[in-house]
Every structure is written in C-alpha cells, then in structure tokens.
file coords31.txt (compact mmCIF, C-alpha atoms)
# COMPACT_ATOMS: atom_id res chain seq x y z
CA MET R 1 129.05 39.80 22.07
CA ASN R 2 129.92 36.29 23.15
CA ALA R 3 127.93 33.61 21.30
CA GLU R 4 128.53 31.21 24.19
CA VAL R 5 126.67 33.42 26.70
CA ASP R 6 122.92 32.88 27.20
CA TYR R 7 121.90 36.51 27.41
CA GLU R 8 118.29 35.68 28.23
CA VAL R 9 119.43 33.87 31.36
CA GLU R 10 121.97 36.57 32.22
CA TYR R 11 119.62 39.56 31.89
CA ASN R 12 116.18 38.22 32.78
CA ASN R 13 116.31 39.24 36.43
CA ARG R 14 112.64 38.52 37.07
CA ALA R 15 113.30 34.90 36.15
CA ARG R 16 116.52 34.86 38.20
CA VAL R 17 114.75 36.21 41.30
CA PRO R 18 111.33 34.49 41.46
CA GLU R 19 110.31 36.42 44.57
CA ASN R 20 110.53 39.70 42.67
CA PRO R 21 106.75 40.43 42.78
CA SER R 22 106.78 40.61 46.57
CA LEU R 23 109.95 42.73 46.54
CA ILE R 24 108.43 45.19 44.06
CA ALA R 25 105.20 45.32 46.07
CA GLY R 26 107.31 46.05 49.13
CA TRP R 27 108.88 49.02 47.38
CA ALA R 28 105.47 50.56 46.69
CA LYS R 29 104.35 49.97 50.29
CA ASP R 30 107.49 51.46 51.81
CA ALA R 31 107.39 54.40 49.39
CA ALA R 32 103.79 55.22 50.30
CA ALA R 33 104.64 55.06 53.99
CA TYR R 34 107.56 57.46 53.49
CA ARG R 35 105.37 59.94 51.62
CA GLN R 36 102.92 60.01 54.53
CA HIS R 37 105.53 61.86 56.56
CA HIS R 38 107.63 63.44 53.79
CA THR R 39 105.43 64.97 51.11
CA PRO R 40 107.51 65.60 47.98
CA ARG R 41 107.33 68.70 45.87
CA SER R 42 106.23 67.76 42.35
CA ILE R 43 108.37 69.47 39.70
CA PRO R 44 107.25 69.16 36.05
CA TYR R 45 109.98 68.97 33.43
CA GLY R 46 107.91 68.26 30.33
CA PRO R 47 104.35 68.08 29.01
CA GLY R 48 103.59 64.42 29.78
CA ILE R 49 101.88 63.08 32.89
CA ARG R 50 105.02 61.09 33.71
CA ASN R 51 107.34 64.06 33.11
CA ARG R 52 107.51 64.81 36.82
CA ILE R 53 110.15 64.85 39.53
CA ASP R 54 109.37 64.03 43.16
CA PHE R 55 111.65 66.36 45.10
CA PHE R 56 112.38 65.61 48.75
CA PRO R 57 114.15 68.73 50.00
CA SER R 58 116.34 68.91 53.05
CA HIS R 59 118.34 71.63 54.76
CA HIS R 60 121.71 70.93 53.15
CA GLU R 61 122.39 73.45 50.38
CA GLY R 62 124.96 71.35 48.54
CA PRO R 63 124.43 69.04 45.57
CA ILE R 64 121.13 67.28 45.01
CA VAL R 65 121.19 63.50 44.75
CA VAL R 66 118.97 62.21 41.96
CA PHE R 67 117.69 58.62 41.91
CA ILE R 68 116.52 57.23 38.54
CA HIS R 69 114.42 54.10 38.84
CA GLY R 70 114.85 50.90 36.87
CA GLY R 71 112.41 48.54 35.19
CA TYR R 72 114.28 47.90 31.90
CA TRP R 73 112.94 51.24 30.59
CA GLN R 74 109.47 49.66 30.38
CA ALA R 75 107.99 49.47 33.88
CA LEU R 76 107.44 51.31 37.17
CA ASP R 77 107.70 55.00 38.04
CA GLY R 78 109.30 57.17 40.68
CA SER R 79 106.43 56.81 43.14
CA SER R 80 107.58 53.28 44.05
CA PHE R 81 110.93 54.56 45.27
CA SER R 82 110.16 57.49 47.59
CA HIS R 83 111.51 55.61 50.60
CA LEU R 84 114.96 55.50 49.01
CA ALA R 85 115.24 59.23 49.74
CA GLY R 86 115.21 58.37 53.44
CA GLY R 87 118.85 57.49 53.94
CA LEU R 88 120.13 60.76 52.47
CA ASN R 89 117.31 62.94 53.82
CA ALA R 90 118.37 61.80 57.30
CA HIS R 91 121.75 63.44 56.62
CA GLY R 92 120.19 66.68 55.41
CA ILE R 93 120.70 65.93 51.71
CA SER R 94 117.96 66.68 49.17
CA VAL R 95 116.84 63.88 46.84
CA ALA R 96 115.05 64.10 43.49
CA ILE R 97 113.27 61.08 41.96
CA PRO R 98 112.12 61.58 38.36
CA SER R 99 109.67 59.48 36.41
CA TYR R 100 109.76 59.06 32.64
CA ASP R 101 107.74 57.68 29.75
CA LEU R 102 108.17 53.99 29.08
CA CYS R 103 108.94 51.72 26.16
CA PRO R 104 107.32 50.77 23.83
CA ALA R 105 105.42 54.08 23.84
CA VAL R 106 108.79 55.85 23.50
CA SER R 107 112.31 54.74 22.64
CA VAL R 108 115.28 54.33 24.99
CA ASP R 109 116.81 57.34 23.25
CA ALA R 110 113.70 59.38 24.08
CA ILE R 111 114.05 58.38 27.74
CA ILE R 112 117.66 59.57 27.71
CA ARG R 113 116.41 62.89 26.34
CA GLN R 114 113.75 63.09 29.05
CA MET R 115 116.32 62.59 31.80
CA ARG R 116 118.33 65.42 30.26
CA MET R 117 115.21 67.57 30.40
CA ALA R 118 114.73 66.60 34.06
CA SER R 119 118.35 67.43 34.86
CA ARG R 120 118.00 70.80 33.14
CA GLU R 121 114.92 71.54 35.23
CA LEU R 122 116.74 70.62 38.43
CA ALA R 123 119.58 72.93 37.36
CA ARG R 124 117.16 75.82 37.97
CA LEU R 125 117.63 75.15 41.68
CA GLY R 126 121.22 76.33 41.26
CA ARG R 127 122.91 73.24 42.68
CA PRO R 128 125.02 70.52 41.05
CA LEU R 129 123.69 66.99 40.72
CA VAL R 130 124.90 63.60 41.88
CA ILE R 131 122.91 61.15 39.76
CA SER R 132 122.30 57.66 41.03
CA GLY R 133 120.17 55.01 39.39
CA HIS R 134 119.28 51.34 39.45
CA SER R 135 119.44 48.94 36.49
CA ALA R 136 118.00 50.93 33.55
CA GLY R 137 118.37 53.93 35.88
CA GLY R 138 122.07 53.11 36.25
CA HIS R 139 122.34 53.30 32.47
CA LEU R 140 120.61 56.69 32.53
CA ALA R 141 122.85 57.96 35.35
CA ALA R 142 125.95 57.15 33.28
CA CYS R 143 124.35 58.86 30.27
CA MET R 144 123.83 62.03 32.32
CA LEU R 145 127.44 62.05 33.52
CA ALA R 146 128.66 61.66 29.94
CA THR R 147 126.41 64.44 28.58
CA ASP R 148 128.09 67.62 27.34
CA TRP R 149 125.74 70.00 29.12
CA PRO R 150 126.79 73.31 27.52
CA ALA R 151 126.41 71.65 24.10
CA TYR R 152 122.94 70.48 25.10
CA ASP R 153 121.96 73.88 26.48
CA ALA R 154 124.38 76.79 26.43
CA SER R 155 122.92 78.11 29.69
CA LEU R 156 124.03 75.02 31.64
CA PRO R 157 127.39 74.59 33.39
CA GLY R 158 129.73 71.87 32.24
CA ASP R 159 129.84 70.48 35.77
CA LEU R 160 126.07 70.23 36.24
CA VAL R 161 126.48 66.50 36.98
CA ILE R 162 129.46 65.99 39.26
CA ALA R 163 129.12 62.24 39.86
CA ALA R 164 127.17 59.16 38.84
CA TYR R 165 126.45 56.22 41.13
CA ALA R 166 125.12 53.31 39.08
CA ILE R 167 123.60 50.36 40.92
CA SER R 168 123.37 47.19 38.76
CA GLY R 169 123.68 49.34 35.66
CA LEU R 170 123.56 48.45 31.98
CA PHE R 171 126.02 50.36 29.83
CA ASP R 172 126.18 48.20 26.69
CA LEU R 173 122.65 47.49 25.43
CA GLY R 174 123.75 45.24 22.58
CA PRO R 175 123.31 41.97 24.51
CA LEU R 176 119.64 42.82 25.11
CA VAL R 177 118.72 42.84 21.41
CA GLU R 178 118.10 39.09 21.20
CA THR R 179 116.37 38.79 24.60
CA SER R 180 112.73 38.98 25.65
CA ILE R 181 113.47 42.35 27.25
CA ASN R 182 113.74 43.82 23.75
CA LYS R 183 110.10 43.09 22.89
CA ALA R 184 109.24 46.49 24.36
CA LEU R 185 112.50 48.28 23.56
CA HIS R 186 112.54 47.61 19.80
CA LEU R 187 116.31 48.02 19.66
CA ASP R 188 118.42 46.83 16.78
CA HIS R 189 122.19 46.57 17.00
CA ALA R 190 122.70 50.11 15.70
CA THR R 191 120.22 51.81 18.04
CA ALA R 192 121.42 49.70 20.97
CA ARG R 193 124.99 50.82 20.40
CA ALA R 194 123.95 54.47 19.97
CA ALA R 195 122.16 54.36 23.34
CA SER R 196 125.08 52.67 25.14
CA PRO R 197 127.25 55.06 27.18
CA MET R 198 130.03 52.49 27.14
CA PHE R 199 130.65 53.53 23.52
CA TRP R 200 130.28 57.28 24.02
CA ASN R 201 133.12 59.64 24.65
CA ALA R 202 134.11 59.34 28.30
CA PRO R 203 132.97 62.17 30.58
CA ARG R 204 135.27 65.17 30.71
CA ARG R 205 134.85 65.55 34.44
CA GLY R 206 133.22 63.96 37.46
CA SER R 207 133.32 60.43 38.84
CA LEU R 208 131.55 57.11 38.28
CA ASP R 209 130.81 54.47 40.87
CA ALA R 210 129.44 51.20 39.44
CA VAL R 211 128.22 48.72 42.03
CA VAL R 212 126.61 45.31 41.62
CA GLY R 213 124.72 42.98 43.94
CA GLU R 214 126.87 40.09 45.11
CA SER R 215 124.52 37.44 43.66
CA GLU R 216 123.86 39.07 40.30
CA SER R 217 124.73 37.47 36.98
CA ALA R 218 128.19 37.48 35.45
CA GLU R 219 127.00 39.91 32.76
CA TYR R 220 126.11 42.56 35.31
CA PHE R 221 129.58 42.25 36.79
CA ARG R 222 131.11 42.45 33.30
CA GLN R 223 129.11 45.54 32.39
CA SER R 224 130.12 47.49 35.48
CA ARG R 225 133.76 46.37 35.50
CA THR R 226 134.13 47.21 31.81
CA ILE R 227 132.81 50.76 31.99
CA VAL R 228 134.88 51.41 35.13
CA ASP R 229 137.98 50.20 33.27
CA LEU R 230 137.24 52.08 30.03
CA TRP R 231 136.32 55.39 31.60
CA GLY R 232 139.06 55.04 34.20
CA ALA R 233 141.63 54.61 31.42
CA ALA R 234 140.26 57.81 29.87
CA GLY R 235 140.97 59.74 33.07
CA VAL R 236 137.62 59.56 34.85
CA ALA R 237 137.68 58.84 38.59
CA THR R 238 135.98 55.44 38.73
CA ARG R 239 135.40 52.72 41.26
CA PHE R 240 133.75 49.30 41.17
CA GLY R 241 132.00 47.80 44.19
CA THR R 242 129.90 44.83 45.30
CA ILE R 243 126.80 45.02 47.50
CA PRO R 244 127.02 42.12 49.98
CA ASN R 245 124.22 39.53 50.06
CA ALA R 246 122.19 41.40 47.42
CA ASN R 247 120.40 40.32 44.26
CA HIS R 248 119.22 42.62 41.48
CA PHE R 249 116.13 43.68 43.42
CA THR R 250 117.56 43.99 46.92
CA ALA R 251 120.64 45.92 45.75
CA ILE R 252 118.87 49.27 46.26
CA ALA R 253 117.71 48.58 49.81
CA PRO R 254 120.74 50.30 51.44
CA LEU R 255 119.57 53.66 50.06
CA ALA R 256 116.83 53.70 52.71
CA ASP R 257 119.31 53.09 55.55
CA PRO R 258 121.08 56.22 56.84
CA SER R 259 123.91 54.09 58.24
CA SER R 260 124.62 52.05 55.09
CA ALA R 261 127.88 52.20 53.17
CA MET R 262 125.93 53.19 50.06
CA VAL R 263 124.40 56.24 51.73
CA SER R 264 127.78 57.11 53.22
CA ARG R 265 129.36 57.08 49.76
CA LEU R 266 126.59 59.19 48.22
CA LYS R 267 126.87 61.62 51.13
CA GLU R 268 130.59 61.86 50.41
CA LEU R 269 129.90 62.55 46.74
CA ALA R 270 127.32 65.20 47.63
CA THR R 271 129.41 67.06 50.21
CA ARG R 272 132.93 66.99 48.81
call {"tool": "encode", "arguments": {"input": "coords31.txt", "output": "structure tokens"}}
result
Amino acid sequence: MNAEVDYEVEYNNRARVPENPSLIAGWAKDAAAYRQHHTPRSIPYGPGIRNRIDFFPSHHEGPIVVFIHGGYWQALDGSSFSHLAGGLNAHGISVAIPSYDLCPAVSVDAIIRQMRMASRELARLGRPLVISGHSAGGHLAACMLATDWPAYDASLPGDLVIAAYAISGLFDLGPLVETSINKALHLDHATARAASPMFWNAPRRGSLDAVVGESESAEYFRQSRTIVDLWGAAGVATRFGTIPNANHFTAIAPLADPSSAMVSRLKELATR
C-alpha cells in the first residue's frame, strides 16, 4: 500500500457522492416498479432469510447472467436491484440477483462462501453463468470466476462460470483495513489479503471485464487496471473499460437500458 494515498478519501464513496441517498432510494423505487410487471422466482440457496436468489427468467436457453449487488458487504440486498435485469431480459436473457448476509454479522469470507452456494444452486438449472457485480459485488464476481468449481463440489463443471463482469470492483481489500468501511468488516491485513482475488491463482478459464465509472477515484481505476493486467499476463482474456459520465453509484444504470454498451457486452458474453 502507498502511505501517501488517503484511502479514506479514495474509498468512501458515500462521502465522494453526497447525493447517494437519493440515488439509492431511486434504485429501490425502480426495482419495485420492475417487479410489478416481472415477478421473480425466489430460489433459496441456504438456510438464512437472505440466502435467496431473485430469478428473472427469459426465453433464451443460454447462460444466465448473475448480478451481485454492492454495499461494501454491509448494506442493501438484491431487492433494490430488480430493475437491472431489464436490459438483458429485453434481449431474452435470464438474470439472477442473489442476496447475502452482511457484515458484521458474517465475515467477507463467509459472503464469498455464500455466493459459491448461490452459484451451485443456479448450476442446477443446467446452464453456465456470467457473473456481474457492482463494487463489493464486483469483488464477489471475480471470486466466482477464480473458484475451482470441481474442487469445491465434484459434481460441478469446471466452466460453471464462463465470464465475470465487474463494475467498480474491489480486488485488493488491503487498503480498506485502515478506513471507516472496515468498522463492519473487521478485516486485518491477513484476512484482507486472503479475501482478495487479486492475490489468488488466476482463473484457469473464462474472461474478466473490469469497468469503472469515469469520475471514480484513482484507487478504483488502479484496482481494475491491476487485476486486468495480472490476470491477463496469466493468460486470462481480460479487458478494462470506463463508463462515461458515471460516478460510483450511477455506474450500474446502463444495466437497465437494453441499448447500452454494457448490456450489449453482457449479451455478447452470454451468447458466445
């Protein structure tokens, strides 16, 4: 880590984007409106009340696109993001939006394990997964791509997850240890590194897209560029991108737009 970087300033997105309460409220409003016309199927993947997947099926029988929500592993749930299924549903692509338990009730490592449980449950549908995610969800998407699925469960195919699409992701959790975000995470430097996919073995297959909002902090750009470079050097198909005119909270808005470049790329990943 760089002692000259103010990590609190770099990673405290709620402070960087003061209008975030209205943006988050808008997510919940838009999500509820989408569910009025597109009732998801609720798929349990574990015993907890939050161990549920909202599944928005469509007619396309190819890969399922998963969206894992953000909130620094300590806030929100999938119900605030239903509308983000809209862009892909319009192209006939099914979308799954899991929820998970939150810190400090559980650890970041436990959330990684829960997303593996959710992925294993979705595998029962017999289709590969393209896993997208925002912020903490971008971290979890990369973790799923880098998981050795047959080692996790011998019944699962090695190519269960064929691609990850991380929006404003965090892949090295070390810089968060000395920030206010860590009050709920309870990470130390060892557990932060263990939960950081940047330091895992690179995926054996699949691709990673890491995209960042144009007005996000330098650290978010560094995180995404670094994992793209590291995994790319290890032979993974990677690409880095910027979302024009977007901050950390507006970066996910294109998912709701069937004509956006983001939806076009996810459609490409899910139909290739």
call {"tool": "residues_around", "arguments": {"input": "coords31.txt", "residues": "R:Ala85", "least_positions_apart": "5", "cutoff": "9 Å", "atoms": "only C-alpha atoms", "output": "PyMOL selection string"}}
result
chain R and resi 34+56+65+67+90+93-97+255-256
call {"tool": "closest_atom_pairs", "arguments": {"input": "coords31.txt", "of": "stretch 106-195 of chain R", "to": "stretch 250-254 of chain R", "cutoff": "10 Å", "atoms": "all atoms listed in the file", "output": "tab-separated table"}}
result
residue	atom	partner	partner_atom	distance
R:Gly133	CA	R:Ile252	CA	9.0
R:His134	CA	R:Ile252	CA	7.1
R:Ser135	CA	R:Ile252	CA	9.8
R:Ile167	CA	R:Ala251	CA	7.2
R:Ser168	CA	R:Ala251	CA	7.6
call {"tool": "closest_residue", "arguments": {"input": "coords31.txt", "among": "R:Pro150, R:Gly70, R:Gly26, R:Gly86", "to": "R:Leu170", "atoms": "only C-alpha atoms"}}
result
R:Gly70
call {"tool": "residues_around", "arguments": {"input": "coords31.txt", "residues": "R:Ser259", "least_positions_apart": "4", "cutoff": "8 Å", "atoms": "all atoms listed in the file", "output": "list in words"}}
result
Gly87, Val263 and Ser264 of chain R
call {"tool": "atom_distance", "arguments": {"input": "coords31.txt", "atom1": "atom CA of R:Tyr72", "atom2": "atom CA of R:Ala110"}}
result
13.9 Å
call {"tool": "atom_distance", "arguments": {"input": "coords31.txt", "atom1": "atom CA of R:Glu121", "atom2": "atom CA of R:Trp231"}}
result
27.1 Å
call {"tool": "closest_residue", "arguments": {"input": "coords31.txt", "among": "R:Ala184, R:Gly92, R:Arg124, R:Arg239", "to": "R:Ser155", "atoms": "all atoms listed in the file"}}
result
R:Arg124
call {"tool": "residues_around", "arguments": {"input": "coords31.txt", "residues": "stretch 213-221 of chain R", "least_positions_apart": "4", "cutoff": "10 Å", "atoms": "only C-alpha atoms", "output": "PyMOL selection string"}}
result
chain R and resi 5-7+9-13+16-17+135+167-171+175+225-226+240-252
call {"tool": "atom_distance", "arguments": {"input": "coords31.txt", "atom1": "atom CA of R:Trp149", "atom2": "atom CA of R:Ala136"}}
result
21.1 Å
call {"tool": "closest_residue", "arguments": {"input": "coords31.txt", "among": "R:Lys267, R:Arg52, R:Arg205, R:His186", "to": "R:Ala118", "atoms": "all atoms listed in the file"}}
result
R:Arg52
call {"tool": "residues_around", "arguments": {"input": "coords31.txt", "residues": "R:Ser42", "least_positions_apart": "3", "cutoff": "8 Å", "atoms": "only C-alpha atoms", "output": "short mmCIF file (atom, residue, chain, number, x, y, z; two decimals) with C-alpha atoms, keeping the file's coordinate frame"}}
result
data_model
loop_
_atom_site.label_atom_id
_atom_site.label_comp_id
_atom_site.auth_asym_id
_atom_site.auth_seq_id
_atom_site.Cartn_x
_atom_site.Cartn_y
_atom_site.Cartn_z
CA ARG R 52 107.51 64.81 36.82
CA ILE R 53 110.15 64.85 39.53
CA ASP R 54 109.37 64.03 43.16
CA PHE R 55 111.65 66.36 45.10
#
call {"tool": "closest_atom_pairs", "arguments": {"input": "coords31.txt", "of": "stretch 1-65 of chain R", "to": "stretch 161-166 of chain R", "cutoff": "12 Å", "atoms": "only C-alpha atoms", "output": "JSON lines"}}
result
{"residue": "R:Gly62", "atom": "CA", "partner": "R:Ile162", "partner_atom": "CA", "distance": 11.6}
{"residue": "R:Pro63", "atom": "CA", "partner": "R:Ile162", "partner_atom": "CA", "distance": 8.6}
{"residue": "R:Ile64", "atom": "CA", "partner": "R:Val161", "partner_atom": "CA", "distance": 9.7}
{"residue": "R:Val65", "atom": "CA", "partner": "R:Ala163", "partner_atom": "CA", "distance": 9.4}
call {"tool": "decode", "arguments": {"input": "coords31.txt", "residues": "stretch 114-127 of chain R", "atoms": "all heavy atoms", "output": "mmCIF file, in the first residue's frame"}}
result
data_model
loop_
_atom_site.group_PDB
_atom_site.id
_atom_site.type_symbol
_atom_site.label_atom_id
_atom_site.label_comp_id
_atom_site.auth_asym_id
_atom_site.auth_seq_id
_atom_site.Cartn_x
_atom_site.Cartn_y
_atom_site.Cartn_z
ATOM 1 N N GLN R 114 -21.079 -17.892 0.593
ATOM 2 C CA GLN R 114 -22.498 -17.853 0.250
ATOM 3 C C GLN R 114 -22.708 -17.672 -1.244
ATOM 4 O O GLN R 114 -23.608 -18.290 -1.828
ATOM 5 C CB GLN R 114 -23.208 -16.739 1.030
ATOM 6 C CG GLN R 114 -23.373 -17.058 2.506
ATOM 7 C CD GLN R 114 -24.203 -16.035 3.241
ATOM 8 O OE1 GLN R 114 -24.758 -15.113 2.657
ATOM 9 N NE2 GLN R 114 -24.299 -16.209 4.561
ATOM 10 N N MET R 115 -21.894 -16.867 -1.885
ATOM 11 C CA MET R 115 -22.045 -16.689 -3.333
ATOM 12 C C MET R 115 -21.652 -17.963 -4.080
ATOM 13 O O MET R 115 -22.199 -18.246 -5.152
ATOM 14 C CB MET R 115 -21.250 -15.483 -3.817
ATOM 15 C CG MET R 115 -21.825 -14.138 -3.363
ATOM 16 S SD MET R 115 -23.526 -13.826 -3.951
ATOM 17 C CE MET R 115 -24.521 -14.529 -2.631
ATOM 18 N N ARG R 116 -20.744 -18.738 -3.515
ATOM 19 C CA ARG R 116 -20.469 -20.056 -4.103
ATOM 20 C C ARG R 116 -21.675 -20.971 -3.939
ATOM 21 O O ARG R 116 -22.019 -21.729 -4.862
ATOM 22 C CB ARG R 116 -19.225 -20.655 -3.453
ATOM 23 C CG ARG R 116 -17.939 -19.987 -3.896
ATOM 24 C CD ARG R 116 -16.735 -20.544 -3.166
ATOM 25 N NE ARG R 116 -15.491 -19.974 -3.700
ATOM 26 C CZ ARG R 116 -14.405 -19.774 -2.968
ATOM 27 N NH1 ARG R 116 -14.391 -20.088 -1.680
ATOM 28 N NH2 ARG R 116 -13.322 -19.252 -3.539
ATOM 29 N N MET R 117 -22.322 -20.912 -2.802
ATOM 30 C CA MET R 117 -23.529 -21.714 -2.595
ATOM 31 C C MET R 117 -24.615 -21.307 -3.590
ATOM 32 O O MET R 117 -25.313 -22.154 -4.160
ATOM 33 C CB MET R 117 -24.039 -21.541 -1.165
ATOM 34 C CG MET R 117 -23.149 -22.149 -0.099
ATOM 35 S SD MET R 117 -23.566 -21.570 1.581
ATOM 36 C CE MET R 117 -25.285 -22.103 1.723
ATOM 37 N N ALA R 118 -24.758 -19.987 -3.798
ATOM 38 C CA ALA R 118 -25.766 -19.498 -4.742
ATOM 39 C C ALA R 118 -25.445 -19.955 -6.161
ATOM 40 O O ALA R 118 -26.345 -20.364 -6.917
ATOM 41 C CB ALA R 118 -25.852 -17.975 -4.679
ATOM 42 N N SER R 119 -24.184 -19.904 -6.528
ATOM 43 C CA SER R 119 -23.776 -20.349 -7.868
ATOM 44 C C SER R 119 -24.032 -21.838 -8.037
ATOM 45 O O SER R 119 -24.485 -22.287 -9.105
ATOM 46 C CB SER R 119 -22.294 -20.028 -8.094
ATOM 47 O OG SER R 119 -22.056 -18.639 -8.023
ATOM 48 N N ARG R 120 -23.743 -22.604 -7.003
ATOM 49 C CA ARG R 120 -24.010 -24.054 -7.066
ATOM 50 C C ARG R 120 -25.496 -24.325 -7.235
ATOM 51 O O ARG R 120 -25.891 -25.214 -7.999
ATOM 52 C CB ARG R 120 -23.485 -24.736 -5.801
ATOM 53 C CG ARG R 120 -23.762 -26.243 -5.757
ATOM 54 C CD ARG R 120 -23.063 -26.891 -4.580
ATOM 55 N NE ARG R 120 -23.480 -26.314 -3.309
ATOM 56 C CZ ARG R 120 -22.890 -26.601 -2.140
ATOM 57 N NH1 ARG R 120 -21.847 -27.422 -2.101
ATOM 58 N NH2 ARG R 120 -23.326 -26.050 -1.033
ATOM 59 N N GLU R 121 -26.331 -23.545 -6.568
ATOM 60 C CA GLU R 121 -27.776 -23.726 -6.715
ATOM 61 C C GLU R 121 -28.225 -23.387 -8.128
ATOM 62 O O GLU R 121 -29.038 -24.097 -8.729
ATOM 63 C CB GLU R 121 -28.513 -22.858 -5.696
ATOM 64 C CG GLU R 121 -30.004 -23.126 -5.600
ATOM 65 C CD GLU R 121 -30.323 -24.544 -5.152
ATOM 66 O OE1 GLU R 121 -29.575 -25.108 -4.332
ATOM 67 O OE2 GLU R 121 -31.342 -25.093 -5.633
ATOM 68 N N LEU R 122 -27.684 -22.312 -8.696
ATOM 69 C CA LEU R 122 -28.039 -21.945 -10.064
ATOM 70 C C LEU R 122 -27.550 -22.993 -11.058
ATOM 71 O O LEU R 122 -28.156 -23.173 -12.123
ATOM 72 C CB LEU R 122 -27.461 -20.572 -10.406
ATOM 73 C CG LEU R 122 -28.148 -19.379 -9.736
ATOM 74 C CD1 LEU R 122 -27.346 -18.107 -9.947
ATOM 75 C CD2 LEU R 122 -29.580 -19.216 -10.255
ATOM 76 N N ALA R 123 -26.479 -23.691 -10.720
ATOM 77 C CA ALA R 123 -25.967 -24.743 -11.604
ATOM 78 C C ALA R 123 -26.999 -25.837 -11.826
ATOM 79 O O ALA R 123 -26.958 -26.543 -12.841
ATOM 80 C CB ALA R 123 -24.682 -25.339 -11.024
ATOM 81 N N ARG R 124 -27.940 -25.981 -10.896
ATOM 82 C CA ARG R 124 -28.990 -26.995 -11.040
ATOM 83 C C ARG R 124 -29.874 -26.717 -12.257
ATOM 84 O O ARG R 124 -30.566 -27.620 -12.743
ATOM 85 C CB ARG R 124 -29.860 -27.038 -9.782
ATOM 86 C CG ARG R 124 -29.132 -27.466 -8.523
ATOM 87 C CD ARG R 124 -30.068 -27.416 -7.317
ATOM 88 N NE ARG R 124 -29.406 -27.725 -6.079
ATOM 89 C CZ ARG R 124 -29.248 -28.955 -5.584
ATOM 90 N NH1 ARG R 124 -29.730 -29.994 -6.258
ATOM 91 N NH2 ARG R 124 -28.624 -29.150 -4.441
ATOM 92 N N LEU R 125 -29.854 -25.484 -12.736
ATOM 93 C CA LEU R 125 -30.640 -25.137 -13.916
ATOM 94 C C LEU R 125 -29.963 -25.608 -15.199
ATOM 95 O O LEU R 125 -30.529 -25.492 -16.286
ATOM 96 C CB LEU R 125 -30.884 -23.626 -13.964
ATOM 97 C CG LEU R 125 -31.657 -23.050 -12.771
ATOM 98 C CD1 LEU R 125 -31.782 -21.535 -12.885
ATOM 99 C CD2 LEU R 125 -33.034 -23.689 -12.641
ATOM 100 N N GLY R 126 -28.727 -26.106 -15.065
ATOM 101 C CA GLY R 126 -28.047 -26.725 -16.204
ATOM 102 C C GLY R 126 -27.490 -25.764 -17.220
ATOM 103 O O GLY R 126 -27.269 -26.139 -18.377
ATOM 104 N N ARG R 127 -27.232 -24.525 -16.802
ATOM 105 C CA ARG R 127 -26.713 -23.517 -17.724
ATOM 106 C C ARG R 127 -25.508 -22.820 -17.104
ATOM 107 O O ARG R 127 -25.467 -22.608 -15.888
ATOM 108 C CB ARG R 127 -27.822 -22.503 -18.046
ATOM 109 C CG ARG R 127 -28.980 -23.153 -18.794
ATOM 110 C CD ARG R 127 -30.305 -22.454 -18.530
ATOM 111 N NE ARG R 127 -30.331 -21.112 -19.066
ATOM 112 C CZ ARG R 127 -31.369 -20.288 -18.916
ATOM 113 N NH1 ARG R 127 -32.436 -20.679 -18.248
ATOM 114 N NH2 ARG R 127 -31.340 -19.084 -19.436
#
